[in-house]
Each structure stands twice: as structure tokens, then as C-alpha cells.
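Visitor: Structure file model_17.cif (mmCIF, C-alpha atoms) right here:
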```
data_final
#
loop_
_atom_site.label_atom_id
_atom_site.label_comp_id
_atom_site.auth_asym_id
_atom_site.auth_seq_id
_atom_site.Cartn_x
_atom_site.Cartn_y
_atom_site.Cartn_z
CA MET A 1 17.26 3.43 12.51
CA ALA A 2 15.27 5.90 14.55
CA ILE A 3 13.95 4.04 17.59
CA ALA A 4 11.33 6.66 18.51
CA TYR A 5 10.09 9.51 16.34
CA SER A 6 7.22 11.99 16.35
CA TYR A 7 4.88 12.47 13.43
CA ASP A 8 1.49 14.12 13.14
CA GLY A 9 1.03 14.31 16.90
CA ASN A 10 1.81 10.66 17.58
CA LEU A 11 4.92 8.90 18.89
CA TYR A 12 6.08 5.99 16.77
CA LEU A 13 8.31 3.17 17.99
CA ALA A 14 10.32 1.20 15.43
CA VAL A 15 11.03 -2.30 16.68
CA THR A 16 12.60 -3.86 13.57
CA LYS A 17 13.10 -3.25 9.88
CA ARG A 18 12.48 -6.93 9.10
CA CYS A 19 9.17 -7.79 7.49
CA THR A 20 7.07 -10.76 6.43
CA LEU A 21 5.90 -9.10 3.23
CA SER A 22 7.32 -7.35 0.18
CA CYS A 23 4.38 -5.09 -0.66
CA VAL A 24 4.44 -3.42 -4.07
CA PHE A 25 3.39 -0.11 -2.51
CA CYS A 26 5.97 -0.09 0.31
CA PRO A 27 8.90 2.35 -0.08
CA LYS A 28 11.45 -0.12 1.29
CA THR A 29 10.54 -2.63 -1.43
CA HIS A 30 11.84 0.02 -3.84
CA GLY A 31 14.92 0.94 -1.80
CA ARG A 32 13.52 4.00 0.02
CA TRP A 33 13.98 3.91 3.81
CA VAL A 34 13.25 7.45 4.99
CA VAL A 35 10.19 7.97 7.21
CA ALA A 36 9.40 11.40 8.70
CA ASP A 37 12.98 12.47 7.85
CA ASN A 38 14.38 9.45 9.72
CA ASP A 39 16.66 6.88 8.08
CA MET A 40 15.12 3.50 8.90
CA SER A 41 17.68 1.41 6.99
CA ARG A 42 20.03 0.61 9.89
CA ASP A 43 19.90 -2.78 11.55
CA ASP A 44 19.15 -1.57 15.09
CA GLU A 45 16.81 -3.88 17.00
CA PRO A 46 16.56 -2.30 20.45
CA ASP A 47 15.84 -4.47 23.44
CA ALA A 48 12.80 -3.69 25.56
CA ALA A 49 14.72 -1.47 27.98
CA ALA A 50 16.24 0.65 25.20
CA LEU A 51 12.91 1.00 23.45
CA LEU A 52 11.13 2.03 26.63
CA ASP A 53 13.88 4.53 27.46
CA ALA A 54 13.60 6.03 23.97
CA ALA A 55 9.82 6.33 24.32
CA LEU A 56 10.01 8.04 27.70
CA ALA A 57 12.78 10.36 26.53
CA ALA A 58 10.48 11.56 23.74
CA ASP A 59 7.92 12.66 26.38
CA PRO A 60 4.92 10.53 25.40
CA SER A 61 2.60 12.80 27.39
CA LYS A 62 2.94 15.32 24.55
CA HIS A 63 1.60 12.80 22.02
CA SER A 64 -1.92 11.55 21.36
CA GLU A 65 -0.80 7.93 21.32
CA ILE A 66 2.19 5.64 21.06
CA ALA A 67 2.28 3.29 18.09
CA PHE A 68 4.42 0.28 17.26
CA VAL A 69 4.95 0.75 13.55
CA GLY A 70 7.77 1.56 11.11
CA LEU A 71 9.04 -0.12 7.95
CA GLY A 72 9.10 -3.53 9.59
CA GLU A 73 6.62 -5.91 11.21
CA PRO A 74 6.50 -5.34 15.01
CA THR A 75 5.17 -8.80 15.89
CA LEU A 76 8.39 -10.34 14.62
CA ARG A 77 9.62 -9.17 18.04
CA LEU A 78 6.47 -9.95 19.98
CA PRO A 79 8.02 -10.20 23.49
CA VAL A 80 9.53 -6.71 23.12
CA VAL A 81 6.22 -5.25 21.90
CA THR A 82 4.18 -6.76 24.71
CA HIS A 83 6.69 -5.87 27.44
CA VAL A 84 7.01 -2.24 26.35
CA GLY A 85 3.29 -1.95 25.61
CA ARG A 86 2.36 -3.03 29.14
CA ALA A 87 4.92 -0.68 30.67
CA LEU A 88 3.57 2.28 28.70
CA ARG A 89 -0.06 1.44 29.46
CA ARG A 90 0.75 1.29 33.18
CA ARG A 91 1.88 4.89 32.78
CA GLY A 92 -1.50 5.77 31.30
CA HIS A 93 -0.54 5.99 27.63
CA HIS A 94 -2.71 4.80 24.74
CA VAL A 95 -0.80 2.14 22.79
CA ARG A 96 -1.54 1.14 19.21
CA LEU A 97 -0.06 -1.71 17.17
CA VAL A 98 0.16 -1.60 13.38
CA THR A 99 0.57 -5.13 12.01
CA ASP A 100 0.30 -7.22 8.88
CA GLY A 101 -1.93 -9.66 10.78
CA LEU A 102 0.22 -12.67 9.88
CA ALA A 103 1.68 -13.42 13.32
CA ASN A 104 -0.58 -16.42 13.88
CA LEU A 105 0.45 -17.88 10.54
CA ARG A 106 4.14 -17.32 11.25
CA PHE A 107 4.02 -18.70 14.80
CA GLU A 108 1.52 -21.45 13.89
CA ALA A 109 -0.40 -20.48 17.03
CA ASP A 110 -2.85 -17.81 18.12
CA ILE A 111 -0.81 -14.98 19.63
CA THR A 112 -3.68 -12.53 20.11
CA PRO A 113 -4.04 -13.41 23.84
CA ASP A 114 -0.44 -12.20 24.28
CA LEU A 115 -1.58 -8.73 23.23
CA ARG A 116 -4.20 -8.47 25.98
CA GLY A 117 -3.17 -5.76 28.43
CA ALA A 118 -0.33 -4.60 26.18
CA ILE A 119 -2.26 -2.98 23.33
CA ASP A 120 -5.27 -0.66 23.35
CA GLU A 121 -5.81 -0.60 19.61
CA VAL A 122 -4.60 -2.66 16.67
CA HIS A 123 -4.65 -1.68 13.00
CA VAL A 124 -4.43 -4.70 10.73
CA SER A 125 -3.34 -4.33 7.11
CA LEU A 126 -6.16 -6.04 5.22
CA ASN A 127 -5.17 -4.34 1.95
CA ALA A 128 -7.31 -6.43 -0.42
CA PRO A 129 -10.79 -7.93 -0.67
CA ASP A 130 -9.64 -11.39 -1.83
CA ALA A 131 -6.71 -13.77 -1.60
CA GLU A 132 -5.50 -13.39 -5.19
CA THR A 133 -5.32 -9.59 -5.09
CA TYR A 134 -3.65 -9.71 -1.68
CA ALA A 135 -0.98 -12.09 -2.98
CA GLU A 136 -0.28 -9.73 -5.89
CA LEU A 137 -0.01 -6.65 -3.67
CA CYS A 138 1.52 -8.06 -0.47
CA ARG A 139 3.94 -10.65 -1.76
CA SER A 140 5.11 -13.32 0.66
CA LYS A 141 6.09 -16.96 0.85
CA HIS A 142 2.59 -17.72 2.14
CA GLY A 143 0.91 -16.94 -1.17
CA THR A 144 -2.89 -16.98 -1.15
CA ARG A 145 -2.95 -18.48 2.37
CA ALA A 146 -1.96 -15.12 3.80
CA HIS A 147 -5.24 -13.29 3.18
CA GLU A 148 -7.31 -15.86 5.07
CA ALA A 149 -4.81 -15.67 7.93
CA VAL A 150 -5.18 -11.87 8.09
CA CYS A 151 -8.97 -12.16 8.19
CA ASP A 152 -8.75 -14.78 10.94
CA PHE A 153 -6.39 -12.57 12.95
CA ILE A 154 -8.86 -9.68 12.74
CA VAL A 155 -11.63 -11.88 14.12
CA LYS A 156 -9.52 -13.32 16.95
CA ALA A 157 -8.05 -9.95 17.93
CA GLN A 158 -11.51 -8.59 18.72
CA ALA A 159 -11.73 -10.92 21.73
CA GLU A 160 -8.48 -9.56 23.20
CA ILE A 161 -8.06 -5.90 22.22
CA PRO A 162 -10.55 -3.06 22.83
CA THR A 163 -10.29 -1.53 19.35
CA VAL A 164 -9.56 -3.41 16.12
CA VAL A 165 -9.44 -1.64 12.75
CA ALA A 166 -8.74 -3.04 9.29
CA THR A 167 -6.75 -0.83 6.93
CA ALA A 168 -6.19 -0.63 3.19
CA VAL A 169 -4.01 1.62 1.06
CA ALA A 170 -5.94 3.65 -1.52
CA LEU A 171 -4.15 2.14 -4.49
CA PRO A 172 -5.32 3.00 -8.00
CA ASN A 173 -7.85 0.43 -9.25
CA LEU A 174 -8.22 -1.30 -5.89
CA ASP A 175 -11.88 -1.87 -5.01
CA LEU A 176 -12.09 -0.14 -1.64
CA ASP A 177 -15.83 -0.73 -1.42
CA ALA A 178 -15.18 -4.48 -1.51
CA CYS A 179 -12.47 -4.07 1.13
CA ARG A 180 -14.90 -2.12 3.29
CA LYS A 181 -17.59 -4.78 2.90
CA LEU A 182 -15.16 -7.53 3.88
CA ALA A 183 -14.05 -5.56 6.94
CA GLU A 184 -17.67 -5.09 7.99
CA ASN A 185 -18.29 -8.82 7.59
CA LEU A 186 -15.31 -9.41 9.88
CA GLY A 187 -16.85 -7.06 12.45
CA VAL A 188 -14.50 -4.08 12.15
CA PRO A 189 -14.37 -0.70 10.39
CA LEU A 190 -12.03 -0.04 7.48
CA ARG A 191 -9.55 2.85 7.62
CA VAL A 192 -8.32 3.87 4.18
CA ARG A 193 -4.71 4.98 4.20
CA PRO A 194 -3.53 7.53 1.61
CA TYR A 195 -1.40 6.22 -1.23
CA PHE A 196 2.00 7.71 -1.97
CA HIS A 197 4.00 6.36 -4.87
CA PRO A 198 6.84 4.36 -3.26
CA VAL A 199 9.50 5.67 -5.66
CA SER A 200 8.51 9.27 -6.38
CA GLY A 201 6.74 9.93 -3.08
CA ASN A 202 3.93 11.65 -4.95
CA PRO A 203 0.46 11.34 -3.40
CA HIS A 204 -1.02 9.85 -6.58
CA GLU A 205 0.39 7.32 -8.99
CA GLU A 206 1.83 8.78 -12.15
CA PRO A 207 0.09 7.81 -15.43
CA GLY A 208 1.66 4.77 -17.01
CA SER A 209 3.22 3.46 -13.83
CA SER A 210 3.48 -0.31 -13.78
CA LEU A 211 2.79 -0.51 -10.05
CA SER A 212 -0.95 -0.93 -10.62
CA ASP A 213 -0.54 -3.61 -13.27
CA GLY A 214 -2.23 -6.80 -12.11
CA ILE A 215 -4.40 -5.10 -9.47
CA ARG A 216 -7.86 -6.39 -10.25
CA HIS A 217 -11.22 -4.71 -9.88
CA THR A 218 -13.18 -6.83 -7.42
CA GLY A 219 -16.82 -6.90 -6.40
#
```
Here is the file; what I need is its structure written in the form of C-alpha cells.
Guide:
Amino acid sequence: MAIAYSYDGNLYLAVTKRCTLSCVFCPKTHGRWVVADNDMSRDDEPDAAALLDAALAADPSKHSEIAFVGLGEPTLRLPVVTHVGRALRRRGHHVRLVTDGLANLRFEADITPDLRGAIDEVHVSLNAPDAETYAELCRSKHGTRAHEAVCDFIVKAQAEIPTVVATAVALPNLDLDACRKLAENLGVPLRVRPYFHPVSGNPHEEPGSSLSDGIRHTG
């Protein structure tokens, strides 16, 4: 697994390939593990020192920001994320976290205060305007409880992190206007992420694909 890799002017740090969710639109759910020409399928889970060394070796000053992201959920290794995030911020770098927003549900405690001082910006994968659609798209053992937990995380994170953004993938038939309205009600903007078919890699879903089956129009 590539620990640190550049893409589109940003430096990305991969903390783990493990994940809470099995999203229908995620390449790894369909056996594809390549991101920006990097094979992310290996089991490497670097400790904080190795991750920080990899980030500094990639010359973060040449990048707009440093983001904890990848094909896994960074908060599954929360101590590593916060340690490295603080170290990078002390060096003057802008640090962003991309998360599924389910850490509080997993830990059964509010972890957003742990992110204070470690993260400048967090992007939370809202992905649906209601619990049922979310459960269909972002499958997990938490079922319909997960969507409420994501919304709650977005609200709590605003007290700890300077910039909080909700995100949604532009899936066919997904009501993005309803997602945007929900995000606004939660007090944050919605960033729409482009959709690439997880098997073909094409930017739009092919006609007849079953991936969109069950995705409901909402609102």
C-alpha cells in the first residue's frame, strides 16, 4: 500500500485499508484497489513515525494540503491520525481528514475533541438524504442507525474543527438537492464528488447497470 502519494496537487496519506462500510460505489467493494496508479491492497499500517517520515519525504510544501484518506477509514487508527496531524500542522501545513463520520458510533463516545489541533478541515461522507438510502448505499452492520450517527458527527465536529464539509457521490438517481438541503440544515456546505463506476472506472454509469438498483428518489 502506498503510504503517501500525490494527486491533483494534494498529498494523500493512507493510514489503513480497513473500513467500516462496504459502499456499493467504492472500487474496493468490487475488488479494485488501485488509486492514482498506487496499489492500495497491501496490509501495511504504518505507525505514526513511518507515516510522518513518508509525508515529509514527499515534500509537503509542494502540495496545497495534506489529507488523510485512501480506501480505508482513517479514524480506525485515530491516535496515528491525531499525532501525525498535529506534527504536520506545527510545520505549517493544512491538514484535511476524509471520514465516514461513524467514529463516534464505533467508539461509543464523542471523539471530535480529539481532532482539535490535529485537523484543519474535515470532509464527512454524508452520501444520502435519509437513513434508508444510506443503508442501501453504504452498507454496514449499523444499518439505519449509521445515517443519524453521521449527521450527529457533522454537528459535533463544527465545535472542534475550523472547516466541516459534507460530501456526497453524484450517483445516478440520488437526490443531491435533498442531500444539499440536509447538509444546510446541519450547518455545513455539501461538496458533490464525481461518480466513477467502481468496476469499469468510467465517469458515468453504463445503461443497465444494477449498481443504481434500489437507490430511491428522495425529497
Visitor: Fewer than 2 positions away in the same chain doesn't count, so skip those; otherwise give me all residues within 8 Å of range 141-146 of chain A, counting all atoms listed in the file, as a list in words.
Guide: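 Using all atoms listed in the file, the neighbours found are Leu102, Leu105, Ala131, Glu132, Tyr134, Ala135, Arg139, Glu148, Ala149 and Val150 of chain A.
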Visitor: Let me have the centre and edge lengths of the axis-aligned box enclosing all listed atoms of range 61-71 of chain A with 5 Å padding on every side, in Å to one decimal, as JSON.
Guide:
```
{"center_x": 3.6, "center_y": 7.6, "center_z": 17.7, "size_x": 21.0, "size_y": 25.4, "size_z": 29.4}
```
Visitor: What does the PyMOL selection byres ((chain A and resi 129) around 9) select in this file, as a VMD selection string?
Guide: chain A and resid 126 to 128 130 to 134 147 174 to 183 218 to 219
Visitor: Go through A:Ser6, A:Ser125, A:Thr82, A:Thr112 and flag the residue nearest Glu160 in chain A, using only C-alpha atoms for the distances.
Guide: A:Thr112
Visitor: Find the distance between CA of Leu56 in chain A and CA of Ile154 in chain A and write it in Å to one decimal.
Guide: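 Taking CA of Leu56 in chain A and CA of Ile154 in chain A, their separation equals 29.9 Å.
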Visitor: So what does the PyMOL selection byres ((chain A and resi 60) around 10) actually pick up in this one, as a count of residues only?
Guide: 21
Visitor: Once the PyMOL selection byres ((chain A and resi 74) around 10) is applied to the coordinates I shared, what remains selected? I want it as number ranges by chain.
Guide: A: 13-19, 68-73, 75-81, 97-100, 103
Visitor: How would the residues just chosen look if you wrote them out with C-alpha atoms as a CSV table (one decimal), in the coordinates of the input?
Guide:
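This is the output file out10.csv:
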```csv
chain,number,residue,atom,x,y,z
A,13,LEU,CA,8.3,3.2,18.0
A,14,ALA,CA,10.3,1.2,15.4
A,15,VAL,CA,11.0,-2.3,16.7
A,16,THR,CA,12.6,-3.9,13.6
A,17,LYS,CA,13.1,-3.2,9.9
A,18,ARG,CA,12.5,-6.9,9.1
A,19,CYS,CA,9.2,-7.8,7.5
A,68,PHE,CA,4.4,0.3,17.3
A,69,VAL,CA,5.0,0.8,13.6
A,70,GLY,CA,7.8,1.6,11.1
A,71,LEU,CA,9.0,-0.1,8.0
A,72,GLY,CA,9.1,-3.5,9.6
A,73,GLU,CA,6.6,-5.9,11.2
A,75,THR,CA,5.2,-8.8,15.9
A,76,LEU,CA,8.4,-10.3,14.6
A,77,ARG,CA,9.6,-9.2,18.0
A,78,LEU,CA,6.5,-10.0,20.0
A,79,PRO,CA,8.0,-10.2,23.5
A,80,VAL,CA,9.5,-6.7,23.1
A,81,VAL,CA,6.2,-5.2,21.9
A,97,LEU,CA,-0.1,-1.7,17.2
A,98,VAL,CA,0.2,-1.6,13.4
A,99,THR,CA,0.6,-5.1,12.0
A,100,ASP,CA,0.3,-7.2,8.9
A,103,ALA,CA,1.7,-13.4,13.3
```
Visitor: Which residue is closest to Ala157 in chain A? Choose from A:Asn104, A:Ser140, A:Asn173, A:Ser22 and count only C-alpha atoms.
Guide: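 Between A:Asn104, A:Ser140, A:Asn173, A:Ser22, the residue approaching Ala157 in chain A most closely is A:Asn104.
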Visitor: So, counting all atoms listed in the file, which residue among A:Gly117, A:Gly101, A:Pro194, A:Pro172 is closest to Val155 in chain A?
Guide: A:Gly101
Visitor: I need the residue nearest Glu136 in chain A from this list: A:Leu21, A:Ala166, A:Ala4, A:Arg96. Use all atoms listed in the file for the distance.
Guide: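 Answer, going by the shortest atom-to-atom distance: A:Leu21.
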Visitor: Using only C-alpha atoms for the distances, tell me which of A:Val192, A:Leu52, A:Asp152, A:His123 is nearest to Val165 in chain A.
Guide: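 For Val165 in chain A, the nearest of the given residues is A:His123.
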Visitor: To one decimal place in Å, what is the distance between CA of Ile119 in chain A and CA of Arg89 in chain A?
Guide: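 These atoms are spaced 7.9 Å apart.
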Visitor: At what distance in Å, to one decimal, does CA of Arg191 in chain A lie from CA of Thr167 in chain A?
Guide: 4.7 Å
